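Raw query.txt, compact mmCIF, C-alpha atoms:
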```txt
# COMPACT_ATOMS: atom_id res chain seq x y z
CA MET A 19 126.70 27.72 -58.02
CA ALA A 20 129.17 25.08 -59.15
CA LEU A 21 130.26 22.30 -56.81
CA TYR A 22 131.99 23.88 -53.81
CA ILE A 23 134.36 21.89 -51.60
CA PRO A 24 134.82 23.49 -48.16
CA LYS A 25 138.37 23.44 -46.82
CA ASN A 26 138.94 20.86 -44.06
CA TYR A 27 135.29 19.82 -44.06
CA LYS A 28 134.28 17.66 -41.11
CA ASP A 29 130.99 15.88 -40.52
CA LEU A 30 130.03 17.08 -37.05
CA LEU A 31 127.65 14.16 -36.55
CA GLY A 32 130.34 11.54 -37.15
CA GLY A 33 128.61 9.29 -39.65
CA GLU A 34 125.43 8.27 -41.42
CA GLU A 35 123.62 6.73 -38.43
CA ASN A 36 123.76 9.90 -36.34
CA THR A 37 122.93 11.96 -39.42
CA GLU A 38 119.75 9.94 -40.01
CA LYS A 39 118.71 10.40 -36.38
CA ALA A 40 119.36 14.14 -36.62
CA ILE A 41 117.41 14.46 -39.89
CA LYS A 42 114.37 12.87 -38.24
CA ALA A 43 114.77 15.14 -35.22
CA VAL A 44 114.86 18.27 -37.40
CA LYS A 45 111.85 17.23 -39.47
CA ASP A 46 109.75 16.24 -36.46
CA MET A 47 110.59 19.39 -34.50
CA PHE A 48 110.30 21.89 -37.31
CA GLN A 49 106.93 20.83 -38.69
CA THR A 50 105.51 20.88 -35.17
CA ASN A 51 106.94 24.37 -34.60
CA LEU A 52 105.75 25.64 -37.98
CA SER A 53 102.25 24.30 -37.48
CA ALA A 54 102.02 25.98 -34.08
CA GLN A 55 103.36 29.33 -35.31
CA LEU A 56 101.00 29.58 -38.29
CA ALA A 57 97.98 27.50 -37.14
CA LEU A 58 98.33 24.90 -39.88
CA LEU A 59 96.58 21.57 -40.42
CA ARG A 60 98.59 18.78 -42.02
CA VAL A 61 97.06 17.34 -45.20
CA THR A 62 98.08 14.76 -47.79
CA ALA A 63 99.25 16.15 -51.13
CA PRO A 64 99.40 14.77 -54.67
CA MET A 65 102.60 13.86 -56.47
CA VAL A 66 100.96 14.30 -59.89
CA VAL A 67 98.36 16.66 -61.35
CA LEU A 68 96.61 16.71 -64.71
CA SER A 69 98.23 18.66 -67.53
CA GLY A 70 96.38 21.60 -69.00
CA THR A 71 94.62 22.66 -65.80
CA GLY A 72 97.05 25.36 -64.69
CA ILE A 73 97.42 23.66 -61.29
CA ASN A 74 101.09 22.76 -61.64
CA ASP A 75 103.55 25.55 -60.96
CA ASP A 76 105.69 27.07 -63.70
CA LEU A 77 108.43 28.24 -61.28
CA ASN A 78 110.41 30.52 -63.62
CA SER A 79 108.13 29.52 -66.52
CA VAL A 80 110.86 27.60 -68.37
CA GLU A 81 111.31 24.37 -66.39
CA ARG A 82 109.89 21.23 -68.00
CA PRO A 83 107.71 18.94 -65.87
CA VAL A 84 108.03 15.17 -65.90
CA ALA A 85 104.90 14.12 -67.82
CA PHE A 86 103.25 10.86 -68.88
CA PRO A 87 99.94 9.50 -70.32
CA ILE A 88 97.39 7.68 -68.14
CA LYS A 89 96.02 4.50 -69.75
CA ASP A 90 92.70 4.37 -67.86
CA MET A 91 91.95 8.03 -68.60
CA GLY A 92 92.10 7.88 -72.38
CA GLU A 93 95.83 8.68 -72.46
CA ARG A 94 95.20 12.03 -70.78
CA ARG A 95 98.54 13.43 -69.65
CA ALA A 96 99.63 14.05 -66.08
CA GLU A 97 102.63 15.88 -64.64
CA VAL A 98 104.81 15.35 -61.60
CA VAL A 99 104.42 18.50 -59.51
CA HIS A 100 107.06 21.24 -59.38
CA SER A 101 105.46 22.59 -56.23
CA LEU A 102 101.95 22.95 -54.83
CA ALA A 103 101.30 26.70 -54.65
CA LYS A 104 98.09 26.60 -56.66
CA TRP A 105 96.90 23.18 -55.51
CA LYS A 106 97.04 24.36 -51.88
CA ARG A 107 94.81 27.33 -52.64
CA LEU A 108 92.28 25.07 -54.31
CA LYS A 109 92.42 22.74 -51.30
CA LEU A 110 91.81 25.59 -48.85
CA GLY A 111 88.77 26.61 -50.86
CA GLN A 112 87.51 23.03 -50.89
CA LEU A 113 87.94 22.68 -47.12
CA GLY A 114 86.35 26.06 -46.40
CA ILE A 115 89.09 27.00 -43.93
CA ALA A 116 88.55 30.36 -42.22
CA PRO A 117 91.03 33.28 -42.32
CA GLY A 118 93.90 32.91 -39.87
CA ARG A 119 94.26 29.17 -40.38
CA GLY A 120 95.81 27.04 -43.09
CA LEU A 121 97.46 23.79 -44.10
CA TYR A 122 100.86 22.29 -44.69
CA THR A 123 102.00 19.14 -46.44
CA ASP A 124 105.03 17.11 -47.43
CA MET A 125 105.66 17.99 -51.06
CA ASN A 126 107.84 15.72 -53.19
CA ALA A 127 108.73 16.98 -56.65
CA LEU A 128 110.99 16.25 -59.60
CA ARG A 129 112.75 19.10 -61.40
CA PRO A 130 114.91 17.52 -64.12
CA ASP A 131 116.10 20.90 -65.42
CA GLU A 132 117.90 21.80 -62.17
CA ASP A 133 121.64 22.47 -62.41
CA MET A 134 122.95 20.09 -59.76
CA ASP A 135 125.44 21.38 -57.19
CA ASN A 136 125.80 21.51 -53.38
CA ILE A 137 122.26 22.74 -52.82
CA HIS A 138 120.32 21.74 -55.96
CA SER A 139 118.96 18.28 -56.71
CA ILE A 140 116.47 16.98 -59.26
CA TYR A 141 114.52 15.67 -56.25
CA VAL A 142 112.86 18.40 -54.20
CA ASP A 143 111.24 17.90 -50.81
CA GLN A 144 109.46 20.78 -49.10
CA TRP A 145 107.04 21.64 -46.39
CA ASP A 146 104.52 23.37 -48.62
CA TRP A 147 102.17 25.57 -46.57
CA GLU A 148 99.30 27.93 -47.31
CA LYS A 149 97.14 30.08 -45.04
CA VAL A 150 93.83 31.86 -45.64
CA ILE A 151 93.91 35.61 -45.09
CA ARG A 152 91.47 38.49 -45.39
CA LYS A 153 91.74 40.86 -48.33
CA GLU A 154 92.86 43.61 -45.95
CA ASP A 155 95.77 41.36 -44.86
CA ARG A 156 97.34 41.64 -48.29
CA ASN A 157 100.01 44.06 -47.12
CA LEU A 158 103.68 44.30 -46.22
CA ASP A 159 103.13 44.25 -42.45
CA TYR A 160 101.27 40.94 -42.64
CA LEU A 161 104.00 39.47 -44.85
CA LYS A 162 106.71 40.50 -42.37
CA LYS A 163 104.75 39.17 -39.39
CA THR A 164 104.46 35.78 -41.11
CA VAL A 165 108.16 35.72 -42.00
CA ARG A 166 109.06 36.40 -38.36
CA ARG A 167 106.89 33.48 -37.24
CA ILE A 168 108.59 31.11 -39.69
CA TYR A 169 112.00 32.36 -38.62
CA GLU A 170 111.05 31.76 -34.99
CA ALA A 171 110.15 28.17 -35.87
CA ILE A 172 113.60 27.72 -37.42
CA LYS A 173 115.34 29.23 -34.38
CA VAL A 174 113.40 27.08 -31.91
CA THR A 175 114.32 24.00 -33.94
CA GLU A 176 118.00 25.00 -33.94
CA ASN A 177 117.99 25.47 -30.15
CA LYS A 178 116.21 22.17 -29.50
CA LEU A 179 118.61 20.40 -31.85
CA TYR A 180 121.51 21.71 -29.78
CA VAL A 181 120.09 19.94 -26.72
CA GLU A 182 120.17 16.58 -28.51
CA PHE A 183 123.35 17.17 -30.52
CA PRO A 184 125.52 19.63 -28.54
CA GLN A 185 128.30 19.54 -31.13
CA ILE A 186 126.03 21.64 -33.37
CA GLU A 187 125.97 25.05 -31.71
CA PRO A 188 123.25 27.64 -32.56
CA ILE A 189 124.40 30.41 -34.90
CA LEU A 190 121.22 32.21 -35.97
CA PRO A 191 120.74 35.84 -34.86
CA ASP A 192 117.79 36.89 -32.73
CA ASP A 193 116.03 38.73 -35.55
CA ILE A 194 115.67 38.47 -39.31
CA TYR A 195 116.56 41.54 -41.39
CA PHE A 196 114.21 42.85 -44.11
CA ILE A 197 115.30 44.57 -47.32
CA HIS A 198 113.62 45.08 -50.70
CA SER A 199 115.39 43.87 -53.83
CA GLU A 200 115.35 47.44 -55.16
CA GLU A 201 117.06 48.68 -51.99
CA LEU A 202 119.57 45.87 -52.41
CA LEU A 203 120.31 47.05 -55.95
CA HIS A 204 120.91 50.60 -54.71
CA LYS A 205 123.15 49.34 -51.91
CA TYR A 206 125.30 47.17 -54.19
CA PRO A 207 124.86 48.60 -57.73
CA GLY A 208 127.97 46.91 -59.10
CA LEU A 209 127.05 43.39 -58.00
CA SER A 210 124.87 40.69 -59.54
CA PRO A 211 121.69 39.65 -57.67
CA LYS A 212 123.38 36.60 -56.14
CA GLU A 213 126.43 38.66 -55.16
CA ARG A 214 124.11 41.20 -53.51
CA GLU A 215 122.47 38.41 -51.55
CA ASN A 216 125.85 37.14 -50.40
CA ALA A 217 126.90 40.60 -49.28
CA ILE A 218 123.75 41.43 -47.29
CA VAL A 219 123.37 37.98 -45.74
CA LYS A 220 127.03 37.83 -44.72
CA GLU A 221 126.43 41.08 -42.82
CA HIS A 222 123.09 40.24 -41.18
CA LYS A 223 123.17 36.38 -41.16
CA ALA A 224 119.37 36.06 -41.63
CA VAL A 225 117.63 38.16 -44.30
CA PHE A 226 114.27 38.33 -46.05
CA VAL A 227 114.59 39.85 -49.53
CA ILE A 228 111.25 41.39 -50.52
CA GLY A 229 109.94 41.78 -54.04
CA ILE A 230 111.17 39.05 -56.38
CA GLY A 231 109.75 38.77 -59.89
CA ALA A 232 109.24 42.36 -61.08
CA GLU A 233 111.76 44.39 -63.05
CA LEU A 234 113.97 46.63 -60.95
CA SER A 235 115.12 50.14 -61.86
CA ASP A 236 118.01 48.71 -63.90
CA GLY A 237 115.51 46.88 -66.14
CA ARG A 238 116.36 43.44 -64.75
CA LYS A 239 114.68 41.11 -62.27
CA HIS A 240 116.32 40.11 -59.02
CA ASP A 241 115.11 36.58 -59.84
CA GLY A 242 112.28 34.98 -61.76
CA ARG A 243 108.82 34.15 -60.44
CA ALA A 244 105.82 32.67 -62.23
CA ALA A 245 102.95 35.03 -62.97
CA ASP A 246 100.19 33.17 -61.21
CA TYR A 247 101.01 32.54 -57.56
CA ASP A 248 103.16 35.13 -55.71
CA ASP A 249 102.10 38.79 -55.97
CA TRP A 250 105.29 40.53 -57.14
CA SER A 251 103.67 43.49 -58.90
CA THR A 252 101.47 45.23 -56.30
CA VAL A 253 103.06 48.38 -54.87
CA ASN A 254 103.52 47.90 -51.13
CA SER A 255 103.48 50.41 -48.27
CA ASP A 256 107.22 51.12 -48.72
CA GLY A 257 106.57 52.25 -52.30
CA TYR A 258 108.24 49.24 -53.91
CA LYS A 259 106.68 46.43 -55.93
CA GLY A 260 106.02 43.06 -54.38
CA LEU A 261 104.40 41.20 -51.50
CA ASN A 262 106.69 38.18 -51.67
CA GLY A 263 110.30 37.20 -51.09
CA ASP A 264 112.94 34.69 -49.97
CA ILE A 265 114.29 33.72 -46.54
CA LEU A 266 118.10 33.63 -46.76
CA LEU A 267 120.53 32.44 -44.08
CA TRP A 268 124.32 32.69 -43.94
CA ASN A 269 125.77 29.22 -44.40
CA PRO A 270 129.15 29.03 -42.65
CA VAL A 271 130.05 25.72 -44.29
CA LEU A 272 129.47 26.93 -47.86
CA GLU A 273 130.43 30.51 -46.97
CA SER A 274 127.49 31.88 -48.91
CA SER A 275 123.89 32.99 -48.74
CA PHE A 276 121.56 30.01 -48.42
CA GLU A 277 117.89 30.11 -49.45
CA VAL A 278 115.59 28.01 -47.28
CA SER A 279 112.19 29.40 -48.31
CA SER A 280 110.42 31.17 -51.14
CA MET A 281 107.05 32.58 -50.11
CA GLY A 282 104.59 35.41 -50.43
CA ILE A 283 101.10 36.79 -50.42
CA ARG A 284 99.36 35.25 -53.41
CA VAL A 285 97.84 37.09 -56.36
CA ASP A 286 94.34 38.46 -56.16
CA GLU A 287 92.20 38.91 -59.27
CA GLU A 288 93.79 42.24 -60.21
CA ALA A 289 97.39 41.11 -59.66
CA LEU A 290 96.83 37.89 -61.62
CA LEU A 291 95.56 39.75 -64.68
CA ARG A 292 98.40 42.29 -64.44
CA GLN A 293 101.12 39.67 -64.08
CA LEU A 294 99.75 37.45 -66.85
CA SER A 295 99.84 40.51 -69.11
CA LEU A 296 103.38 41.45 -68.06
CA CYS A 297 104.54 37.90 -68.83
CA GLY A 298 102.61 37.59 -72.10
CA GLN A 299 100.52 34.73 -70.69
CA GLU A 300 96.98 36.09 -71.02
CA HIS A 301 95.93 32.76 -72.56
CA LYS A 302 96.11 31.16 -69.09
CA LYS A 303 93.04 33.11 -67.95
CA ASP A 304 90.80 30.29 -69.18
CA LEU A 305 92.61 27.46 -67.37
CA TYR A 306 90.82 25.76 -64.48
CA PHE A 307 92.78 27.35 -61.63
CA HIS A 308 92.96 30.82 -63.15
CA SER A 309 89.30 31.01 -64.16
CA ARG A 310 88.20 30.01 -60.66
CA LEU A 311 90.45 32.63 -59.08
CA LEU A 312 89.19 35.34 -61.44
CA ALA A 313 85.61 34.33 -60.66
CA GLY A 314 86.24 34.98 -56.96
CA GLU A 315 85.84 31.33 -56.03
CA LEU A 316 89.17 30.94 -54.20
CA PRO A 317 90.27 32.43 -50.86
CA TYR A 318 92.95 35.08 -50.48
CA THR A 319 96.07 33.37 -49.17
CA ILE A 320 99.71 33.62 -48.17
CA GLY A 321 101.99 30.64 -48.62
CA GLY A 322 105.30 29.18 -49.62
CA GLY A 323 107.68 26.27 -49.54
CA ILE A 324 110.40 25.50 -47.01
CA GLY A 325 113.03 23.07 -48.21
CA GLN A 326 113.21 19.99 -46.00
CA SER A 327 116.61 18.79 -47.18
CA ARG A 328 117.79 22.41 -47.38
CA LEU A 329 116.83 23.16 -43.77
CA CYS A 330 118.37 19.89 -42.54
CA MET A 331 121.51 20.64 -44.50
CA PHE A 332 121.82 24.07 -42.89
CA LEU A 333 121.02 23.03 -39.33
CA LEU A 334 123.26 19.94 -39.45
CA ARG A 335 126.13 21.92 -41.04
CA LYS A 336 126.38 19.66 -44.09
CA ALA A 337 128.32 20.55 -47.23
CA HIS A 338 126.08 18.86 -49.82
CA ILE A 339 122.37 18.18 -50.04
CA GLY A 340 123.23 14.62 -51.02
CA GLU A 341 124.32 14.04 -47.41
CA ILE A 342 120.66 14.53 -46.46
CA GLN A 343 118.64 12.99 -49.30
CA SER A 344 118.97 10.12 -51.78
CA SER A 345 118.97 11.27 -55.39
CA ILE A 346 120.91 10.95 -58.64
CA TRP A 347 124.24 12.70 -59.05
CA PRO A 348 126.90 12.86 -61.80
CA GLU A 349 129.63 10.28 -61.16
CA GLU A 350 132.32 12.95 -61.21
CA MET A 351 130.48 14.86 -58.46
CA ILE A 352 130.21 11.73 -56.31
CA ASP A 353 133.93 11.02 -56.77
CA GLU A 354 135.03 14.59 -56.04
CA CYS A 355 132.89 14.72 -52.90
CA ARG A 356 134.19 11.37 -51.66
CA LYS A 357 137.79 12.52 -52.03
CA ASN A 358 136.99 15.36 -49.65
CA GLY A 359 135.07 13.45 -47.00
CA ILE A 360 131.60 14.34 -48.31
CA LEU A 361 129.52 11.18 -48.72
CA ILE A 362 126.56 11.64 -51.04
CA VAL A 363 124.21 8.84 -52.05
```

Please lay out the structure from this file as C-alpha cells.
Amino acid sequence: MALYIPKNYKDLLGGEENTEKAIKAVKDMFQTNLSAQLALLRVTAPMVVLSGTGINDDLNSVERPVAFPIKDMGERRAEVVHSLAKWKRLKLGQLGIAPGRGLYTDMNALRPDEDMDNIHSIYVDQWDWEKVIRKEDRNLDYLKKTVRRIYEAIKVTENKLYVEFPQIEPILPDDIYFIHSEELLHKYPGLSPKERENAIVKEHKAVFVIGIGAELSDGRKHDGRAADYDDWSTVNSDGYKGLNGDILLWNPVLESSFEVSSMGIRVDEEALLRQLSLCGQEHKKDLYFHSRLLAGELPYTIGGGIGQSRLCMFLLRKAHIGEIQSSIWPEEMIDECRKNGILIV
C-alpha cells in the first residue's frame, strides 16, 4: 500500500511519553500471554547467520539480505537475518525440547527491499516462536487450535491495555474466522488477493487465511512463501493445499486488513522435497539446514512470527509504524506525515 493519511487522525495517547509507556506495556503483556498460551521458553537469537548454510529465510525468494565479510573468519560472508524460521527449528533440535513445548525470541531483522509505507519498514521486529509437535499433529485442526491460542493472547493483551489506557477501547471480536485462500478466491473472484483480504476482514474483523504459497485454481498464488519453512503444498482435511496462513485484523485507523502474523506447520521431509521441486530450488537439498531436515535430524514443528511494532501499532491505534519504532524514512514521507499530525522518527 502507498502512504495512507487517515482523515482527522488523532493520537489517542496524547504524545510520545505515553506512547512509549504503552509500547512497553503491550510488549510485556503480550509476550507473557503468548508464552503461557503456547508453553514457550524465551531464548536469545542471532542477528546474523553465515551465508551458504540455508539457515537464513528467503521470504518470497527475491529479497536481498544485508551481507558482509568477517575478517577473523577468512572473509567468510554473513547475512543479517530476514527472520528465524529455520534457525528456531535447529535450536529446538539442539535443546532436545519435547513435543508440546517450544521457544520464542526477540527477532530483529533488516529488509532493505521493503516498499516503505504505513506498515512496512526496513527494520523488522518480531516475536519469533517455534514449537515442537508430533508427526500426527501436522494437520489442520492443530493449526487452528494454535491460531486460536495466539488470538486469545492478543485479546487478553487488548483487554489489559484498556485497564491502563481506558481511551483505547477493545474492538476485537470474540472469535477468529477461518477461510482458505481458495475459498476466498471463489467468494470474491473479481478481486485481487489484497482486495479479497480487505473484504473478508472488514466483514469478520479477525480472520486467519489458510494456504498461502501454492497456486490457486486461477493459476496464481494468494501470496508468496519460501519453499523451505511453511508447508503450503500438503493437502489438508478440507481438501485444499496448505497447513499455514496469516492472522489478519481489521484496522479501523487505516480502514484496511492488517497482517500481524505469518505462521504455519513447517515442512516435513516429503513437503520440503516437493516444494523445492515446485520452486525449481532442488539445489538447496545439500545445504546444512535442508540436509539435516531430510536426514530426519530435526523435530517436526509449528511456528511463525508476530510483528512487535505491528501489534503495538494496531493496539495503540496508530496510523504509521514509525510512531512505534525508530527507522529510516523518505524525507517526503516524514514531511507528509508531520503535516497531518503523524510524528514518525

Expected residue set, 6 Å radius at (114.2, 21.5, -65.4), only C-alpha atoms, as a PDB file with C-alpha atoms, in the frame of the given file:
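Dumped everything to selection_9.pdb:
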```
ATOM      1  CA  GLU A  81     111.310  24.370 -66.390  1.00  0.00           C
ATOM      2  CA  ARG A  82     109.890  21.230 -68.000  1.00  0.00           C
ATOM      3  CA  ARG A 129     112.750  19.100 -61.400  1.00  0.00           C
ATOM      4  CA  PRO A 130     114.910  17.520 -64.120  1.00  0.00           C
ATOM      5  CA  ASP A 131     116.100  20.900 -65.420  1.00  0.00           C
ATOM      6  CA  GLU A 132     117.900  21.800 -62.170  1.00  0.00           C
TER       7      GLU A 132
END
```

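What separates CA of Ser345 in chain A from CA of Val363 in chain A is a distance of 6.7 Å.
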
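CA of Asp264 in chain A to CA of Val227 in chain A spans 5.4 Å [interatomic distance, one decimal].
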
Mind listing as a tab-separated table (two decimals) with C-alpha atoms, keeping the file's coordinate frame all residues within 6 Å of (98.7, 31.5, -42.5), counting only C-alpha atoms?
```
chain	number	residue	atom	x	y	z
A	56	LEU	CA	101.00	29.58	-38.29
A	118	GLY	CA	93.90	32.91	-39.87
A	119	ARG	CA	94.26	29.17	-40.38
A	120	GLY	CA	95.81	27.04	-43.09
A	149	LYS	CA	97.14	30.08	-45.04
A	150	VAL	CA	93.83	31.86	-45.64
```

Of A:Ile197, A:Ala40, A:Ala232, A:Cys330, the one sitting nearest Val278 in chain A when using all atoms listed in the file is A:Cys330

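Distances from A:Glu35, A:Asp135, A:Asp256, A:Asp155 to Ala337 in chain A were compared using only C-alpha atoms, and the smallest one belongs to A:Asp135.
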
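As for CA of Leu290 in chain A and CA of Asp248 in chain A, they are spaced 9.1 Å apart.
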
Considering all atoms listed in the file, can you say which of A:Gly33, A:Gly111, A:Pro270, A:Gly237 comes closest to Tyr318 in chain A?
A:Gly111

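When all atoms listed in the file are used to measure the gap to His222 in chain A, the shortest distance among A:Ala57, A:Leu179, A:Leu266, A:Met134 belongs to A:Leu266.
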
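The smallest atom-to-atom distance between Val44 in chain A and any of A:Phe196, A:Ala171, A:Gln293, A:Ser279, using all atoms listed in the file, is found for A:Ala171.
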
Rank A:Leu209, A:Val271, A:Ala85, A:Cys355 by their smallest atom-to-atom distance to Met331 in chain A, using only C-alpha atoms, and report the top residue only.
A:Val271

Polymer residues at most 9 Å from Glu277 in chain A, only C-alpha atoms, same-chain spacing of 4 or more positions, as a PDB file with C-alpha atoms, in the frame of the given file:
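Okay, this is what ended up in out.pdb:
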```pdb
ATOM      1  CA  ASP A 264     112.940  34.690 -49.970  1.00  0.00           C
ATOM      2  CA  ILE A 265     114.290  33.720 -46.540  1.00  0.00           C
ATOM      3  CA  LEU A 266     118.100  33.630 -46.760  1.00  0.00           C
ATOM      4  CA  LEU A 267     120.530  32.440 -44.080  1.00  0.00           C
ATOM      5  CA  TRP A 268     124.320  32.690 -43.940  1.00  0.00           C
ATOM      6  CA  GLY A 325     113.030  23.070 -48.210  1.00  0.00           C
ATOM      7  CA  ARG A 328     117.790  22.410 -47.380  1.00  0.00           C
TER       8      ARG A 328
END
```

Applying 7 Å and only C-alpha atoms, which residues near Ser199 in chain A remain after dropping the ones on its own chain fewer than 3 positions away? List them as a list in words.
Leu202, Leu203, Val227, Ile228, Gly229, Ile230 and His240 of chain A

Can I get the residues of range 199-301 of chain A within 12 Å of range 338-341 of chain A, each with the closest pair of atoms and their distance in Å to one decimal, using only C-alpha atoms, sorted chain first then ascending number, as a tab-separated table?
```
residue	atom	partner	partner_atom	distance
A:Asn269	CA	A:His338	CA	11.7
A:Val271	CA	A:His338	CA	9.7
A:Leu272	CA	A:His338	CA	9.0
A:Phe276	CA	A:Ile339	CA	12.0
```

Give me the residues within 12 Å of Asp143 in chain A as a PyMOL selection string, counting only C-alpha atoms and dropping any in the same chain fewer than 2 places off.
chain A and resi 45+65+99-102+123-129+138-141+145-146+278-279+323-330+339+342-345

Using only C-alpha atoms, determine which residues lie at most 6 Å from Trp147 in chain A, disregarding the query and same-chain residues fewer than 5 positions distant; provide the list as an mmCIF file with C-alpha atoms, keeping the file's coordinate frame.
```cif
data_model
loop_
_atom_site.group_PDB
_atom_site.id
_atom_site.type_symbol
_atom_site.label_atom_id
_atom_site.label_comp_id
_atom_site.auth_asym_id
_atom_site.auth_seq_id
_atom_site.Cartn_x
_atom_site.Cartn_y
_atom_site.Cartn_z
ATOM 1 C CA LEU A 121 97.460 23.790 -44.100
ATOM 2 C CA TYR A 122 100.860 22.290 -44.690
ATOM 3 C CA GLY A 321 101.990 30.640 -48.620
ATOM 4 C CA GLY A 322 105.300 29.180 -49.620
#
```

Missing atoms in range 104-121 of chain A should be modelled up to N, CA, C and O atoms and reported as a compact mmCIF listing (two decimals), in the frame of the given file.
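New file rebuild_39.txt:
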```txt
# COMPACT_ATOMS: atom_id res chain seq x y z
N LYS A 104 99.47 26.42 -56.22
CA LYS A 104 98.09 26.60 -56.66
C LYS A 104 97.18 25.49 -56.15
O LYS A 104 96.01 25.72 -55.81
N TRP A 105 97.70 24.28 -56.06
CA TRP A 105 96.90 23.18 -55.51
C TRP A 105 96.48 23.49 -54.07
O TRP A 105 95.32 23.22 -53.69
N LYS A 106 97.37 24.06 -53.28
CA LYS A 106 97.04 24.36 -51.88
C LYS A 106 95.90 25.36 -51.79
O LYS A 106 95.03 25.25 -50.91
N ARG A 107 95.88 26.32 -52.67
CA ARG A 107 94.81 27.33 -52.64
C ARG A 107 93.47 26.70 -53.00
O ARG A 107 92.44 27.01 -52.39
N LEU A 108 93.49 25.81 -53.97
CA LEU A 108 92.28 25.07 -54.31
C LEU A 108 91.81 24.23 -53.12
O LEU A 108 90.61 24.16 -52.83
N LYS A 109 92.75 23.59 -52.44
CA LYS A 109 92.42 22.74 -51.30
C LYS A 109 91.81 23.55 -50.16
O LYS A 109 90.84 23.12 -49.52
N LEU A 110 92.36 24.74 -49.90
CA LEU A 110 91.81 25.59 -48.85
C LEU A 110 90.37 25.99 -49.18
O LEU A 110 89.51 26.04 -48.30
N GLY A 111 90.13 26.28 -50.45
CA GLY A 111 88.77 26.61 -50.86
C GLY A 111 87.83 25.43 -50.69
O GLY A 111 86.69 25.57 -50.24
N GLN A 112 88.31 24.24 -51.03
CA GLN A 112 87.51 23.03 -50.89
C GLN A 112 87.17 22.75 -49.44
O GLN A 112 86.04 22.36 -49.10
N LEU A 113 88.15 22.95 -48.55
CA LEU A 113 87.94 22.68 -47.12
C LEU A 113 87.14 23.77 -46.42
O LEU A 113 86.64 23.56 -45.32
N GLY A 114 87.07 24.95 -47.02
CA GLY A 114 86.35 26.06 -46.40
C GLY A 114 87.01 26.58 -45.14
O GLY A 114 86.33 27.00 -44.19
N ILE A 115 88.34 26.56 -45.11
CA ILE A 115 89.09 27.00 -43.93
C ILE A 115 88.97 28.51 -43.75
O ILE A 115 89.08 29.27 -44.72
N ALA A 116 88.76 28.94 -42.52
CA ALA A 116 88.55 30.36 -42.22
C ALA A 116 89.86 31.13 -42.21
O ALA A 116 90.94 30.54 -42.02
N PRO A 117 89.81 32.46 -42.40
CA PRO A 117 91.03 33.28 -42.32
C PRO A 117 91.75 33.10 -40.98
O PRO A 117 91.13 32.95 -39.94
N GLY A 118 93.09 33.09 -41.06
CA GLY A 118 93.90 32.91 -39.87
C GLY A 118 94.37 31.49 -39.66
O GLY A 118 95.19 31.22 -38.78
N ARG A 119 93.85 30.57 -40.48
CA ARG A 119 94.26 29.17 -40.38
C ARG A 119 94.66 28.68 -41.78
O ARG A 119 94.35 29.31 -42.78
N GLY A 120 95.36 27.53 -41.80
CA GLY A 120 95.81 27.04 -43.09
C GLY A 120 96.20 25.58 -43.05
O GLY A 120 95.76 24.82 -42.17
N LEU A 121 97.04 25.19 -43.99
CA LEU A 121 97.46 23.79 -44.10
C LEU A 121 98.93 23.73 -44.47
O LEU A 121 99.51 24.69 -44.95
```
